[in-house]
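Raw contents of protein36.txt, compact mmCIF, C-alpha atoms and all ligand atoms:
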```txt
# COMPACT_ATOMS: atom_id res chain seq x y z
CA MET A 139 -4.73 6.78 29.84
CA SER A 140 -6.06 3.35 28.89
CA ASN A 141 -6.61 4.49 25.33
CA THR A 142 -3.12 5.78 24.85
CA PHE A 143 0.13 4.03 23.98
CA GLN A 144 1.13 4.17 27.67
CA LYS A 145 -0.78 1.01 28.47
CA TYR A 146 1.71 -1.14 26.54
CA ASN A 147 4.59 -0.44 28.87
CA LEU A 148 6.81 0.88 26.07
CA PRO A 149 10.27 2.37 26.64
CA SER A 150 9.97 6.05 27.51
CA ALA A 151 12.15 7.02 24.54
CA LEU A 152 9.58 5.42 22.27
CA LEU A 153 6.64 7.04 24.04
CA GLY A 154 8.41 10.37 23.59
CA ALA A 155 8.87 9.72 19.89
CA LEU A 156 5.21 8.75 19.45
CA ALA A 157 4.18 11.96 21.16
CA ARG A 158 6.41 13.96 18.80
CA MET A 159 4.86 12.11 15.87
CA GLN A 160 1.47 13.05 17.28
CA TYR A 161 0.35 9.47 17.60
CA GLU A 162 -1.90 9.64 20.65
CA HIS A 163 -4.22 6.68 20.36
CA PRO A 164 -3.48 3.34 18.79
CA THR A 165 -5.57 2.40 15.76
CA ALA A 166 -7.58 -0.85 15.86
CA ILE A 167 -4.88 -2.95 14.20
CA GLN A 168 -2.19 -1.42 16.40
CA ASP A 169 -4.19 -2.18 19.51
CA GLN A 170 -4.42 -5.83 18.50
CA VAL A 171 -0.90 -6.31 17.18
CA ILE A 172 1.27 -4.43 19.68
CA PRO A 173 0.58 -6.43 22.88
CA ILE A 174 0.89 -9.78 21.10
CA ALA A 175 4.01 -8.82 19.15
CA LEU A 176 5.62 -7.63 22.39
CA THR A 177 5.35 -11.19 23.74
CA GLY A 178 7.49 -12.40 20.85
CA GLN A 179 4.78 -14.31 19.01
CA ASP A 180 4.62 -14.42 15.21
CA ILE A 181 1.73 -12.56 13.61
CA LEU A 182 -0.23 -12.74 10.39
CA GLY A 183 -2.07 -9.44 10.25
CA SER A 184 -4.45 -7.91 7.80
CA SER A 185 -6.45 -4.72 7.72
CA LYS A 186 -7.33 -2.18 5.12
CA THR A 187 -4.90 0.31 3.64
CA GLY A 188 -4.47 3.38 5.78
CA SER A 189 -5.30 1.62 9.04
CA GLY A 190 -1.84 2.08 10.53
CA LYS A 191 -0.04 -1.20 9.86
CA THR A 192 3.39 0.46 9.69
CA ALA A 193 3.30 1.55 13.31
CA ALA A 194 1.56 -1.70 14.27
CA PHE A 195 4.76 -3.58 13.49
CA SER A 196 7.27 -0.78 14.04
CA ILE A 197 6.25 -0.03 17.63
CA PRO A 198 6.72 -3.54 19.06
CA VAL A 199 9.90 -4.11 17.03
CA VAL A 200 11.46 -0.80 18.04
CA ALA A 201 10.44 -1.35 21.67
CA GLN A 202 12.32 -4.64 21.68
CA LEU A 203 15.33 -3.19 19.84
CA MET A 204 15.61 -0.49 22.50
CA HIS A 205 15.97 -3.15 25.18
CA ARG A 206 18.38 -5.34 23.24
CA PRO A 207 21.30 -3.57 21.61
CA ASP A 208 22.38 -6.77 19.82
CA ALA A 209 19.02 -7.32 18.13
CA SER A 210 18.16 -6.35 14.57
CA VAL A 211 15.27 -6.25 12.15
CA LEU A 212 14.81 -6.75 8.43
CA VAL A 213 11.71 -5.20 6.87
CA LEU A 214 10.80 -6.12 3.29
CA ALA A 215 8.34 -3.93 1.41
CA PRO A 216 7.17 -4.14 -2.20
CA THR A 217 8.15 -0.71 -3.56
CA ARG A 218 10.82 1.88 -3.00
CA GLU A 219 8.33 4.44 -1.79
CA LEU A 220 6.85 2.05 0.74
CA ALA A 221 10.27 1.04 1.98
CA GLU A 222 11.10 4.72 2.33
CA GLN A 223 7.90 5.39 4.26
CA VAL A 224 8.59 2.51 6.64
CA ALA A 225 12.22 3.56 7.14
CA GLY A 226 11.03 7.10 7.81
CA VAL A 227 8.57 5.98 10.46
CA MET A 228 11.10 3.71 12.15
CA SER A 229 13.81 6.39 12.09
CA SER A 230 11.45 8.83 13.77
CA MET A 231 10.73 6.25 16.44
CA VAL A 232 14.40 5.65 17.22
CA SER A 233 15.57 9.22 16.93
CA GLY A 234 17.57 9.90 20.07
CA CYS A 235 18.72 6.28 20.44
CA LYS A 236 22.29 6.39 19.20
CA HIS A 237 22.75 2.62 19.10
CA LEU A 238 19.86 2.18 16.67
CA ARG A 239 20.81 2.91 13.08
CA THR A 240 18.66 2.51 10.01
CA VAL A 241 19.61 1.67 6.45
CA LEU A 242 17.34 1.84 3.43
CA LEU A 243 18.16 -0.67 0.69
CA ILE A 244 16.23 0.19 -2.45
CA GLY A 245 16.93 0.17 -6.15
CA GLY A 246 17.37 3.36 -8.12
CA GLU A 247 19.79 4.76 -5.58
CA PRO A 248 23.57 4.63 -5.69
CA ILE A 249 24.75 1.41 -4.13
CA GLY A 250 27.92 3.03 -2.77
CA LYS A 251 26.03 5.04 -0.20
CA GLN A 252 24.24 1.92 0.93
CA LEU A 253 27.51 -0.02 1.17
CA MET A 254 28.99 2.67 3.40
CA ARG A 255 25.94 2.74 5.59
CA LEU A 256 25.96 -1.05 5.87
CA ARG A 257 29.52 -0.94 7.21
CA THR A 258 28.19 0.84 10.32
CA ASN A 259 26.23 -2.34 11.16
CA PRO A 260 22.76 -0.83 11.17
CA ASN A 261 20.22 -2.79 13.21
CA ILE A 262 17.19 -1.59 11.27
CA ILE A 263 17.33 -2.71 7.65
CA VAL A 264 14.45 -1.74 5.40
CA GLY A 265 14.38 -2.57 1.73
CA THR A 266 12.80 -4.01 -1.35
CA PRO A 267 13.45 -7.69 -2.08
CA GLY A 268 15.49 -6.97 -5.22
CA ARG A 269 18.06 -4.71 -3.63
CA VAL A 270 18.25 -6.70 -0.41
CA GLU A 271 19.04 -9.84 -2.37
CA ASP A 272 21.60 -7.91 -4.38
CA HIS A 273 23.42 -6.96 -1.16
CA LEU A 274 23.25 -10.55 0.07
CA CYS A 275 24.90 -11.73 -3.14
CA ARG A 276 27.62 -9.08 -2.88
CA GLY A 277 28.30 -10.15 0.67
CA SER A 278 27.66 -6.63 1.93
CA LEU A 279 24.68 -7.75 4.02
CA HIS A 280 24.54 -10.54 6.57
CA LEU A 281 21.27 -11.67 7.98
CA HIS A 282 22.19 -14.79 9.96
CA LYS A 283 21.76 -12.96 13.24
CA THR A 284 18.56 -11.12 12.40
CA THR A 285 16.12 -11.11 15.32
CA PHE A 286 12.97 -9.79 13.66
CA LEU A 287 11.57 -10.12 10.18
CA VAL A 288 8.71 -7.99 8.88
CA LEU A 289 7.02 -8.75 5.57
CA ASP A 290 4.92 -5.70 4.74
CA GLU A 291 2.27 -5.97 2.03
CA ILE A 292 3.20 -9.54 1.29
CA ASP A 293 0.24 -9.86 -1.08
CA ARG A 294 1.65 -7.13 -3.29
CA MET A 295 5.16 -8.53 -3.12
CA LEU A 296 3.77 -11.82 -4.46
CA ASP A 297 1.81 -10.00 -7.17
CA MET A 298 5.00 -8.27 -8.21
CA GLY A 299 6.77 -11.59 -8.60
CA PHE A 300 9.10 -11.34 -5.63
CA SER A 301 8.29 -14.73 -4.13
CA ILE A 302 11.52 -16.44 -5.20
CA GLN A 303 13.66 -13.56 -3.99
CA ILE A 304 11.81 -13.43 -0.69
CA ASP A 305 12.34 -17.13 -0.29
CA LYS A 306 16.08 -16.79 -0.92
CA ILE A 307 16.35 -13.93 1.54
CA ILE A 308 14.46 -15.74 4.28
CA LYS A 309 16.67 -18.81 3.90
CA ARG A 310 19.54 -16.59 5.12
CA LEU A 311 17.72 -15.69 8.32
CA PRO A 312 17.91 -17.77 11.48
CA VAL A 313 14.98 -20.07 12.18
CA GLU A 314 14.87 -18.59 15.66
CA ARG A 315 13.34 -15.23 14.94
CA GLN A 316 10.08 -13.35 15.31
CA THR A 317 8.21 -12.81 12.05
CA LEU A 318 5.42 -10.32 11.48
CA MET A 319 3.64 -10.62 8.16
CA PHE A 320 1.08 -8.14 6.86
CA SER A 321 -1.27 -8.19 3.95
CA ALA A 322 -4.23 -6.12 2.87
CA THR A 323 -5.95 -9.31 1.78
CA LEU A 324 -5.76 -12.94 2.87
CA ASP A 325 -6.03 -15.80 0.42
CA ARG A 326 -4.70 -19.29 -0.06
CA ASN A 327 -1.31 -18.10 -1.30
CA ILE A 328 -0.80 -15.96 1.76
CA GLU A 329 -1.87 -18.83 4.01
CA ARG A 330 0.64 -21.09 2.32
CA LEU A 331 3.47 -18.62 2.90
CA ALA A 332 2.34 -18.09 6.47
CA GLY A 333 2.66 -21.84 6.89
CA SER A 334 6.31 -21.82 5.86
CA TYR A 335 7.55 -18.45 7.21
CA LEU A 336 5.63 -18.14 10.48
CA ARG A 337 5.54 -20.28 13.58
CA GLN A 338 2.15 -20.64 15.27
CA PRO A 339 1.19 -17.13 14.32
CA ALA A 340 -1.56 -15.13 15.91
CA ARG A 341 -4.01 -14.21 13.16
CA ILE A 342 -5.20 -10.67 13.43
CA ASN A 343 -7.76 -9.50 10.96
CA VAL A 344 -9.33 -6.16 11.59
CA GLU A 345 -12.53 -5.80 9.63
CA ILE A 346 -13.73 -2.29 9.18
CA ALA A 347 -16.97 -1.41 10.85
CA ASP A 348 -19.82 -0.37 8.60
CA ASN A 349 -19.92 3.25 9.68
CA GLU A 350 -16.20 3.51 9.08
CA SER A 351 -16.45 2.26 5.54
CA LYS A 352 -19.42 4.19 4.30
CA ASN A 353 -17.29 7.22 3.76
CA ILE A 354 -16.29 6.04 0.30
CA GLN A 355 -18.97 6.51 -2.27
CA GLU A 356 -18.54 4.12 -5.15
CA GLU A 357 -19.90 4.68 -8.61
CA SER A 358 -19.63 2.78 -11.83
CA LEU A 359 -20.13 3.99 -15.32
CA TYR A 360 -20.59 1.73 -18.34
CA ILE A 361 -18.79 3.18 -21.28
CA SER A 362 -16.88 2.21 -24.40
CA GLU A 363 -13.16 2.62 -24.57
CA SER A 364 -13.48 5.39 -27.15
CA GLY A 365 -15.83 7.42 -24.95
CA LYS A 366 -13.67 7.32 -21.83
CA PHE A 367 -11.56 10.41 -22.31
CA GLN A 368 -14.48 12.72 -22.98
CA VAL A 369 -16.19 11.47 -19.83
CA LEU A 370 -12.98 11.92 -17.89
CA LEU A 371 -12.81 15.56 -18.91
CA GLU A 372 -16.40 16.10 -17.84
CA GLN A 373 -15.87 14.34 -14.55
CA LEU A 374 -12.69 16.26 -13.76
CA SER A 375 -14.29 19.60 -14.46
CA ARG A 376 -17.07 18.71 -12.02
CA ARG A 377 -14.94 17.43 -9.16
CA GLU A 378 -13.09 19.42 -6.55
CA GLY A 379 -10.08 18.22 -4.63
CA SER A 380 -7.24 15.89 -5.51
CA VAL A 381 -7.78 13.09 -7.96
CA ILE A 382 -5.88 9.91 -8.65
CA ILE A 383 -6.63 8.30 -12.00
CA PHE A 384 -5.74 4.64 -12.40
CA VAL A 385 -4.76 3.14 -15.73
CA LYS A 386 -3.39 -0.26 -16.61
CA THR A 387 -0.07 0.50 -18.29
CA GLN A 388 2.82 2.94 -18.07
CA MET A 389 2.21 4.03 -21.63
CA ARG A 390 -1.40 4.85 -20.91
CA ALA A 391 -0.40 6.78 -17.80
CA ASP A 392 1.94 8.96 -19.88
CA HIS A 393 -0.56 9.31 -22.68
CA ILE A 394 -3.55 10.28 -20.55
CA SER A 395 -1.49 12.68 -18.51
CA TYR A 396 -0.23 14.31 -21.73
CA GLN A 397 -3.75 14.59 -23.10
CA LEU A 398 -4.98 16.15 -19.87
CA GLN A 399 -2.13 18.64 -19.95
CA GLN A 400 -3.23 19.59 -23.45
CA ALA A 401 -6.66 20.22 -21.96
CA ASN A 402 -5.04 22.55 -19.43
CA PHE A 403 -5.19 20.35 -16.37
CA LYS A 404 -2.30 20.37 -13.93
CA VAL A 405 -1.37 16.75 -13.90
CA ARG A 406 1.54 14.30 -13.68
CA ALA A 407 1.94 10.62 -14.35
CA ILE A 408 3.52 8.20 -11.92
CA HIS A 409 4.57 4.67 -12.82
CA GLY A 410 7.35 2.16 -12.46
CA GLY A 411 9.12 3.44 -15.58
CA LEU A 412 10.12 6.69 -13.90
CA LYS A 413 13.48 7.08 -12.23
CA GLN A 414 13.45 7.11 -8.45
CA HIS A 415 14.06 10.87 -8.20
CA GLN A 416 11.31 11.56 -10.72
CA ARG A 417 8.80 9.49 -8.76
CA LYS A 418 9.82 11.27 -5.56
CA ARG A 419 9.33 14.62 -7.23
CA VAL A 420 5.85 13.72 -8.48
CA ILE A 421 4.77 12.49 -5.04
CA LYS A 422 6.22 15.50 -3.30
CA ASP A 423 4.57 17.96 -5.66
CA PHE A 424 1.27 16.14 -5.37
CA ARG A 425 1.53 16.15 -1.57
CA ASN A 426 2.23 19.85 -1.64
CA LYS A 427 -0.73 20.31 -3.97
CA HIS A 428 1.22 21.66 -6.93
CA TYR A 429 -0.91 19.29 -8.98
CA ALA A 430 -4.42 18.20 -8.18
CA ILE A 431 -4.30 15.18 -10.47
CA ILE A 432 -2.01 12.19 -10.89
CA VAL A 433 -2.36 9.38 -13.36
CA ALA A 434 -0.99 6.18 -11.89
CA THR A 435 -0.45 2.50 -12.44
CA ASP A 436 -1.22 0.09 -9.59
CA VAL A 437 2.38 -0.60 -8.75
CA ALA A 438 3.36 3.04 -8.47
CA ALA A 439 0.41 4.02 -6.31
CA ARG A 440 0.33 1.11 -3.98
CA GLY A 441 0.50 2.16 -0.34
CA LEU A 442 1.25 5.78 -1.10
CA ASP A 443 0.34 7.65 2.02
CA ILE A 444 -1.26 10.83 0.80
CA ASP A 445 -4.09 12.05 2.98
CA HIS A 446 -5.95 14.49 0.83
CA ILE A 447 -7.00 12.35 -2.15
CA LYS A 448 -10.68 13.06 -2.66
CA HIS A 449 -11.43 11.08 -5.81
CA VAL A 450 -10.24 7.81 -7.23
CA ILE A 451 -11.06 7.31 -10.88
CA ASN A 452 -10.63 3.86 -12.36
CA TYR A 453 -10.12 4.91 -15.96
CA ASP A 454 -9.17 1.31 -16.59
CA PHE A 455 -10.99 -1.10 -14.34
CA PRO A 456 -8.56 -3.20 -12.29
CA GLN A 457 -7.89 -6.82 -13.21
CA ALA A 458 -8.38 -8.19 -9.71
CA ALA A 459 -10.59 -7.50 -6.72
CA GLU A 460 -7.52 -6.90 -4.56
CA ASP A 461 -6.37 -4.08 -6.80
CA TYR A 462 -9.80 -2.54 -6.57
CA THR A 463 -9.60 -2.57 -2.77
CA HIS A 464 -6.17 -1.00 -2.81
CA ARG A 465 -7.09 1.65 -5.33
CA ILE A 466 -10.19 2.91 -3.60
CA GLY A 467 -8.36 2.72 -0.28
CA ARG A 468 -6.41 5.77 -1.54
CA THR A 469 -9.40 7.93 -0.66
CA GLY A 470 -11.71 8.25 2.31
CA ARG A 471 -8.77 8.18 4.69
CA ALA A 472 -9.00 9.23 8.30
CA GLY A 473 -12.78 9.57 8.22
CA ALA A 474 -12.88 12.02 5.30
CA THR A 475 -15.43 11.38 2.57
CA GLY A 476 -14.04 9.99 -0.64
CA PHE A 477 -15.40 9.15 -4.06
CA ALA A 478 -14.48 6.30 -6.33
CA LEU A 479 -15.64 6.23 -9.94
CA SER A 480 -15.04 3.17 -12.09
CA MET A 481 -15.29 3.17 -15.85
CA ILE A 482 -16.42 -0.22 -17.00
CA ALA A 483 -15.78 -1.01 -20.64
CA SER A 484 -16.34 -4.74 -21.09
CA PRO A 485 -18.59 -7.56 -19.91
CA GLN A 486 -15.62 -9.04 -18.02
CA GLU A 487 -15.13 -5.82 -16.12
CA LYS A 488 -18.80 -5.59 -15.36
CA ARG A 489 -18.69 -9.12 -14.05
CA LEU A 490 -15.75 -8.33 -11.78
CA TRP A 491 -17.50 -5.21 -10.49
CA ARG A 492 -20.47 -7.38 -9.56
CA ILE A 493 -18.33 -10.00 -7.88
CA ILE A 494 -16.53 -7.34 -5.90
CA HIS A 495 -19.83 -5.90 -4.73
CA ASN A 496 -21.49 -9.23 -4.00
CA GLU A 497 -24.09 -8.75 -6.67
CA PRO A 498 -25.52 -11.66 -8.61
CA VAL A 499 -23.73 -12.26 -11.89
CA GLU A 500 -26.35 -12.85 -14.55
CA LYS A 501 -25.29 -15.08 -17.39
CA GLU A 502 -27.26 -13.43 -20.18
CA GLU A 503 -25.67 -10.14 -19.30
CA ARG A 504 -22.44 -11.25 -20.88
CA GLY A 505 -23.99 -11.38 -24.33
CA SER A 506 -26.18 -8.35 -24.08
CA PHE A 507 -23.45 -5.97 -23.02
CA ARG A 508 -23.29 -3.28 -25.62
CA GLN A 509 -20.67 -0.63 -25.94
CA SER A 510 -21.84 2.90 -26.27
CA SER A 511 -20.03 6.16 -26.44
CA GLY A 512 -21.92 7.85 -23.65
CA PHE A 513 -23.50 6.95 -20.36
CA ASN A 514 -25.24 3.65 -20.29
CA ARG A 515 -26.05 3.68 -16.71
CA PHE A 516 -24.79 5.64 -13.80
CA LYS A 517 -24.74 3.81 -10.63
CA SER A 518 -23.93 4.74 -7.11
CA ARG A 519 -23.69 2.65 -4.02
CA PRO A 520 -22.23 2.80 -0.55
CA PHE A 521 -18.92 1.11 -0.02
CA ARG A 522 -19.20 -2.40 1.29
CA ARG A 523 -16.28 -4.58 2.10
CA SER A 524 -16.95 -8.23 1.80
CA PHE A 525 -14.52 -9.32 -0.83
CA SER A 526 -11.29 -9.77 1.03
CA GLY A 527 -11.67 -13.32 2.27
P1 LIG B 601 -1.29 1.07 6.27
O1 LIG B 601 0.11 0.52 6.24
O2 LIG B 601 -2.23 0.21 7.08
O3 LIG B 601 -1.82 1.34 4.90
P2 LIG B 601 -0.03 3.41 7.38
O4 LIG B 601 0.85 2.71 8.34
O5 LIG B 601 0.59 3.90 6.13
O6 LIG B 601 -1.28 2.48 7.02
O7 LIG B 601 -0.76 4.60 8.18
C1 LIG B 601 -1.68 5.49 7.58
C2 LIG B 601 -1.59 6.87 8.18
O8 LIG B 601 -2.03 6.87 9.52
C3 LIG B 601 -0.18 7.44 8.21
O9 LIG B 601 -0.26 8.79 7.79
C4 LIG B 601 0.23 7.37 9.66
O10 LIG B 601 1.14 8.40 9.99
C5 LIG B 601 -1.08 7.54 10.36
N1 LIG B 601 -1.13 6.87 11.67
C6 LIG B 601 -0.86 5.57 11.91
N2 LIG B 601 -1.05 5.27 13.20
C7 LIG B 601 -1.46 6.40 13.81
C8 LIG B 601 -1.83 6.73 15.15
N3 LIG B 601 -1.84 5.82 16.11
N4 LIG B 601 -2.20 8.00 15.40
C9 LIG B 601 -2.22 8.92 14.40
N5 LIG B 601 -1.87 8.68 13.12
C10 LIG B 601 -1.51 7.44 12.82
MG MG B 602 1.38 -0.10 4.79
```
What does this structure look like when you write it as structure tokens?
Ligand code: ADP
Ligand code: MG
Amino acid sequence: MSNTFQKYNLPSALLGALARMQYEHPTAIQDQVIPIALTGQDILGSSKTGSGKTAAFSIPVVAQLMHRPDASVLVLAPTRELAEQVAGVMSSMVSGCKHLRTVLLIGGEPIGKQLMRLRTNPNIIVGTPGRVEDHLCRGSLHLHKTTFLVLDEIDRMLDMGFSIQIDKIIKRLPVERQTLMFSATLDRNIERLAGSYLRQPARINVEIADNESKNIQEESLYISESGKFQVLLEQLSRREGSVIIFVKTQMRADHISYQLQQANFKVRAIHGGLKQHQRKRVIKDFRNKHYAIIVATDVAARGLDIDHIKHVINYDFPQAAEDYTHRIGRTGRAGATGFALSMIASPQEKRLWRIIHNEPVEKEERGSFRQSSGFNRFKSRPFRRSFSG
């Protein structure tokens, strides 16, 4: 009993919902966040992707909403898909509680439906900063009585340039509120925001234990730009299970996916340039294993909760260590073994790889890096996490 959700003294309706969702034991971050959040304290939480942050904030918020019919929550998430996932989880948790209504405020969906839904005074509002601000400007959304604020994946929202919108939105909220802020990484920017949006927050940072993290096998491959596609074909023909291929631009996502289709692979591209229903379709078909391969940009893939991804291929090496963490976090979920292969095509990328993996960066290496069309070196190492500080 002590390892189940029962120990938190949650409303029975919520315990019932968790049982239906087949959540039996809290994850590490949930176990730390839930009891503190239930006391009303602000929280700055971080833990790796896939560790269960959604329920970590949803459970204490929903528990409090169930006791207080007048209370409400605003959850901001960086992308439409993430907002949808959060709204889905929260709706499941409140199913059966008639007084708790959810609204999802995201772009790419008809605003009329959202306006109608808003008129029913929903107490659970989940959205992306853009659309939420839009509703504030139209006067269709009022936040001056909001009880709880959740900022999910604040690091990514900042990366995506939402900081001004977030600031405007938060100015509309009462100062008296409980704020829960989550990030996959913590840095000075996040600390600064925590300083202005949170009040004496509890800092909860769940580091993954070594044995938990070793299930992602990381490899890097030094290769010239022109040799990448050939290597990709070879790699794909050798690998079994679902693959997510990361590239740096929408155009490249479309192009690589087209080229792979020409080579008879079942593949789709996903990026921010697709319409909402197209993105949904791609995710759904990938989930249902109609395709084994998707080619994605960082923005489109962030936070996607798909369990069966076996391989992450960084066709273009990410620009920042944080992106690397998020990308490889797509695999090795729930204890399964995952593989992450990075193609490294420039001295800068090699340098970043080394920084990420806490390896010494040798100066002369910059000059001596030569591009070749085949394998220069094939390297494999266990996953270590020491770059999120
Ligand atoms: P994060 O936000 O940290 O990346 P998510 O909240 O998306 O992680 O959770 C990852 C997966 O784990 C989801 O599929 C979710 O349903 C599942 N999950 C979360 N908490 C539990 C739990 N306590 N028991 C079982 N599954 C859980
Ligand atoms: Mg999340």
Which centre and edge lengths in Å to one decimal define the box along x, y and z that fits every listed atom of ligand LIG 601 (chain B) plus 4 Å per side, as lines of an AutoDock Vina configuration file?
```
center_x = -0.5
center_y = 4.6
center_z = 10.5
size_x = 11.4
size_y = 16.7
size_z = 19.2
```
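Distances from A:Met295, A:Leu152, A:Ala322, A:Ala201 to ligand MG 602 (chain B) were compared using all atoms listed in the file, and the smallest one belongs to A:Ala322.
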Protein and nucleic residues near ligand LIG 601 (chain B), 6 Å, all atoms listed in the file, as a tab-separated table (two decimals) with C-alpha atoms, in the coordinates of the input:
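The new file selection-v2.tsv reads:
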```tsv
chain	number	residue	atom	x	y	z
A	161	TYR	CA	0.35	9.47	17.60
A	162	GLU	CA	-1.90	9.64	20.65
A	163	HIS	CA	-4.22	6.68	20.36
A	164	PRO	CA	-3.48	3.34	18.79
A	165	THR	CA	-5.57	2.40	15.76
A	186	LYS	CA	-7.33	-2.18	5.12
A	187	THR	CA	-4.90	0.31	3.64
A	188	GLY	CA	-4.47	3.38	5.78
A	189	SER	CA	-5.30	1.62	9.04
A	190	GLY	CA	-1.84	2.08	10.53
A	191	LYS	CA	-0.04	-1.20	9.86
A	192	THR	CA	3.39	0.46	9.69
A	193	ALA	CA	3.30	1.55	13.31
A	441	GLY	CA	0.50	2.16	-0.34
A	443	ASP	CA	0.34	7.65	2.02
```
| query | Hey, which of A:Asn147, A:Gln160, A:Gln355, A:Ser184 ends up closest to ligand MG 602 (chain B)? Count only C-alpha atoms and all ligand atoms. | reply |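 Checking each of A:Asn147, A:Gln160, A:Gln355, A:Ser184 against ligand MG 602 (chain B), counting only C-alpha atoms and all ligand atoms, the winner is A:Ser184.
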| said: I need the residue nearest Gly154 (chain A) from this list: A:Val199, A:Met231, A:Ile181, A:Val433. Use all atoms listed in the file for the distance. | reply: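 Smallest distance to Gly154 (chain A) is found for A:Met231.
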As a quick test: using only C-alpha atoms and all ligand atoms, which residues lie no more than 12 Å away from ligand MG 602 (chain B)? Give them as a PDB file with C-alpha atoms, in the frame of the given file.
```pdb
ATOM      1  CA  ILE A 167      -4.880  -2.950  14.200  1.00  0.00           C
ATOM      2  CA  GLY A 183      -2.070  -9.440  10.250  1.00  0.00           C
ATOM      3  CA  SER A 184      -4.450  -7.910   7.800  1.00  0.00           C
ATOM      4  CA  SER A 185      -6.450  -4.720   7.720  1.00  0.00           C
ATOM      5  CA  LYS A 186      -7.330  -2.180   5.120  1.00  0.00           C
ATOM      6  CA  THR A 187      -4.900   0.310   3.640  1.00  0.00           C
ATOM      7  CA  GLY A 188      -4.470   3.380   5.780  1.00  0.00           C
ATOM      8  CA  SER A 189      -5.300   1.620   9.040  1.00  0.00           C
ATOM      9  CA  GLY A 190      -1.840   2.080  10.530  1.00  0.00           C
ATOM     10  CA  LYS A 191      -0.040  -1.200   9.860  1.00  0.00           C
ATOM     11  CA  THR A 192       3.390   0.460   9.690  1.00  0.00           C
ATOM     12  CA  ALA A 193       3.300   1.550  13.310  1.00  0.00           C
ATOM     13  CA  ALA A 194       1.560  -1.700  14.270  1.00  0.00           C
ATOM     14  CA  PHE A 195       4.760  -3.580  13.490  1.00  0.00           C
ATOM     15  CA  SER A 196       7.270  -0.780  14.040  1.00  0.00           C
ATOM     16  CA  VAL A 213      11.710  -5.200   6.870  1.00  0.00           C
ATOM     17  CA  LEU A 214      10.800  -6.120   3.290  1.00  0.00           C
ATOM     18  CA  ALA A 215       8.340  -3.930   1.410  1.00  0.00           C
ATOM     19  CA  PRO A 216       7.170  -4.140  -2.200  1.00  0.00           C
ATOM     20  CA  THR A 217       8.150  -0.710  -3.560  1.00  0.00           C
ATOM     21  CA  GLU A 219       8.330   4.440  -1.790  1.00  0.00           C
ATOM     22  CA  LEU A 220       6.850   2.050   0.740  1.00  0.00           C
ATOM     23  CA  ALA A 221      10.270   1.040   1.980  1.00  0.00           C
ATOM     24  CA  GLU A 222      11.100   4.720   2.330  1.00  0.00           C
ATOM     25  CA  GLN A 223       7.900   5.390   4.260  1.00  0.00           C
ATOM     26  CA  VAL A 224       8.590   2.510   6.640  1.00  0.00           C
ATOM     27  CA  ALA A 225      12.220   3.560   7.140  1.00  0.00           C
ATOM     28  CA  VAL A 227       8.570   5.980  10.460  1.00  0.00           C
ATOM     29  CA  VAL A 288       8.710  -7.990   8.880  1.00  0.00           C
ATOM     30  CA  LEU A 289       7.020  -8.750   5.570  1.00  0.00           C
ATOM     31  CA  ASP A 290       4.920  -5.700   4.740  1.00  0.00           C
ATOM     32  CA  GLU A 291       2.270  -5.970   2.030  1.00  0.00           C
ATOM     33  CA  ILE A 292       3.200  -9.540   1.290  1.00  0.00           C
ATOM     34  CA  ASP A 293       0.240  -9.860  -1.080  1.00  0.00           C
ATOM     35  CA  ARG A 294       1.650  -7.130  -3.290  1.00  0.00           C
ATOM     36  CA  MET A 319       3.640 -10.620   8.160  1.00  0.00           C
ATOM     37  CA  PHE A 320       1.080  -8.140   6.860  1.00  0.00           C
ATOM     38  CA  SER A 321      -1.270  -8.190   3.950  1.00  0.00           C
ATOM     39  CA  ALA A 322      -4.230  -6.120   2.870  1.00  0.00           C
ATOM     40  CA  ALA A 439       0.410   4.020  -6.310  1.00  0.00           C
ATOM     41  CA  ARG A 440       0.330   1.110  -3.980  1.00  0.00           C
ATOM     42  CA  GLY A 441       0.500   2.160  -0.340  1.00  0.00           C
ATOM     43  CA  LEU A 442       1.250   5.780  -1.100  1.00  0.00           C
ATOM     44  CA  ASP A 443       0.340   7.650   2.020  1.00  0.00           C
ATOM     45  CA  ILE A 444      -1.260  10.830   0.800  1.00  0.00           C
ATOM     46  CA  HIS A 464      -6.170  -1.000  -2.810  1.00  0.00           C
ATOM     47  CA  GLY A 467      -8.360   2.720  -0.280  1.00  0.00           C
ATOM     48  CA  ARG A 468      -6.410   5.770  -1.540  1.00  0.00           C
TER      49      ARG A 468
END
```
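Selecting by distance to (24.8, -5.0, 20.2) with a limit of 10 Å and using all atoms listed in the file, one obtains Leu203, Arg206, Pro207, Asp208, Ala209, Ser210, His237, Leu238, Asn259 and Asn261 of chain A.
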| message | Can you pull out the residues contacting His280 (chain A)? Cut-off 9 Å, using all atoms listed in the file, and skip same-chain residues under 5 positions away; I want them as a list in words. | response | His273, Leu274, Arg310 and Leu311 of chain A
| request: Can you work out the spacing between CA of Ala458 (chain A) and CA of Ala474 (chain A) in Å, to one decimal? | output: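 Value for the CA of Ala458 (chain A)-CA of Ala474 (chain A) distance: 25.6 Å.
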| request: Find the distance between CA of Arg406 (chain A) and CA of His393 (chain A) and write it in Å to one decimal. | output: 10.5 Å
| CA of Ala430 (chain A) to CA of Leu412 (chain A), distance in Å rounded to a single decimal |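 So the two atoms, CA of Ala430 (chain A) and CA of Leu412 (chain A), lie 19.4 Å apart.
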| Residue among A:Gly245, A:Arg315, A:Ala438, A:Asp297 lying closest to His282 (chain A), counting only C-alpha atoms | A:Arg315
